[in-house]
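Comments concern the structure below.
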Amino acid sequence: AGHFRRLLAEAERLGLADERAEALLGLGDCALEAGELTEAAGHFEAAELLLADEPLPRRARPIRGRAVAHLLAGELRYACYLLESAIDGLNAGGLADPEALVLLYSAVIGPYIDMGAHARAAHAAELALALAPQVADPALVAGMHRQVARTFLAEGRVADADASLAKAQAVYRQLRLRTDLAHCHWMRGYVQAQHGELAAAERELRIAREMLTARRAALYTAQVEVELADVLRRLGRHEEAAELVSGLLAEGSDPGAVHAGGAHRLLGLIAEERGDAEAAEEHYVRALALLERSGAGGDLADLCRLLGDLLRRAGRTEAALDAYRTGLGHRAAPGTTTLGPAPAAPAFH
């Protein structure tokens, strides 16, 4: 970040617009990694403003950066809107630049899956994979493989997800991109946790956590810790799990709305397993407030089921029905069943 700040000052002094934009993009990426989301969005907006008169493909990186900042802050719908608008603009204007499209299609997969729009995520992955041979930047292709792994996982294609992650890992190792490599370990741990391979998942998540801590990537470290705590709880190590997430929520570090919701969900499950229904309800309700704002459909539905079951067992049938209705309402709300018209497919062979 220090290097980028010096570069920005020098580029401003010399009146070099392109170098100023690059420095702002670099500062935005540093801020994202450090979890300074407002600052990151500001840098990306400033870069976009500098490039306002450039063709849309040139503005794809700041748009994607801004969308990721909103995504990490839990504003999934707005992130989708930014990315879809840019994709539509590229395709409609005949500016189907493969690098820009792969960058944007890869970025939109995550929010689509979080919002429960799996068919749309799969379509974006399909288009990104088809365009990949036309992309020269190996890091961009590796990032695409990392995101595509999520769609394979959502479709139950575990071997394909693992193969995609292996491709991404190989590139990141070669390019020594430590943060991106950590994300691959994180994703591998997530895949293994989803399929009950808990000891392997713990190993991968701990590697990711160590790498991200070394990079001082505060936000990503916090998010990995929430997923690691879930694995520890499922392994029966409740004290360790509770300590990990309680520390996260207490010290004022913000793991982002979706992961903060996940942390409260975990504490609720641990409280329930200890027979403390009152504490469990409190954590579930706090998680619900966080997830309702984010629009993470799958997490929200799961939480409403947990809260509803807890209330039903306590004989509070009306309150349980309200919880179930909340979950169902969000699954069927505008913007979750259909996010408006899907972005047009690019014209390419």
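Going by the structure tokens order, chains are called A, B, ..., each with residues numbered from 1, while ligands are numbered from 1 in the order shown.
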Would you tabulate, counting only C-alpha atoms, all residues of stretch 108-227 of chain A that have an atom at most 10 Å from an atom of stretch 74-87 of chain A, showing the closest pair of atoms and their distance in Å to one decimal, sorted by chain then ascending number, as a tab-separated table?
```
residue	atom	partner	partner_atom	distance
A:Val108	CA	A:Cys80	CA	6.2
A:Ile109	CA	A:Cys80	CA	9.1
A:Gly110	CA	A:Leu76	CA	9.1
A:Pro111	CA	A:Leu76	CA	5.7
A:Tyr112	CA	A:Cys80	CA	7.4
A:Asp114	CA	A:Leu76	CA	7.9
A:Met115	CA	A:Leu76	CA	7.4
```
Test item, helix (DSSP H, G or I) assignment across stretch 246-341 of chain A, answer as number ranges by chain: A: 246-250, 257-273, 277-294, 297-313, 317-331
A:Cys184 environment, 7 Å, only C-alpha atoms, sequence neighbours closer than 4 positions dropped, as an MDAnalysis selection string: chainID A and resid 146 165 169 180 188
Close residues, A:Gln194 itself excluded, 9 Å, only C-alpha atoms, min 5 positions apart in chain, as a compact mmCIF listing (two decimals) with all heavy atoms, in the first residue's frame:
```
# COMPACT_ATOMS: atom_id res chain seq x y z
N LEU A 153 -19.45 -27.52 -7.08
CA LEU A 153 -19.81 -28.01 -5.75
C LEU A 153 -21.32 -27.94 -5.55
O LEU A 153 -21.94 -28.87 -5.03
CB LEU A 153 -19.08 -27.20 -4.68
CG LEU A 153 -19.25 -27.69 -3.25
CD1 LEU A 153 -18.69 -29.10 -3.10
CD2 LEU A 153 -18.55 -26.75 -2.29
N GLY A 189 -10.91 -26.65 1.91
CA GLY A 189 -11.44 -26.98 3.24
C GLY A 189 -12.95 -26.93 3.25
O GLY A 189 -13.62 -27.79 3.83
N ALA A 201 -10.63 -31.13 6.25
CA ALA A 201 -11.12 -29.75 6.17
C ALA A 201 -10.41 -28.88 7.20
O ALA A 201 -9.99 -27.75 6.90
CB ALA A 201 -12.63 -29.70 6.40
```
What does the structure give for the distance between atom CA of A:Ala92 and atom CA of A:Pro57, in Å to one decimal? 12.5 Å
Nearest to A:Arg265: which of A:Arg157, A:Lys167, A:Arg305, A:Arg237 is it, counting only C-alpha atoms?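 Going through A:Arg157, A:Lys167, A:Arg305, A:Arg237 one by one, the smallest distance to A:Arg265 is for A:Arg305.
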Which one is closest to A:Leu37: A:Val135, A:Ala280, A:Ala218, A:Val191? Count only C-alpha atoms.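 Looking at the shortest contact to A:Leu37, the residue is A:Ala218.
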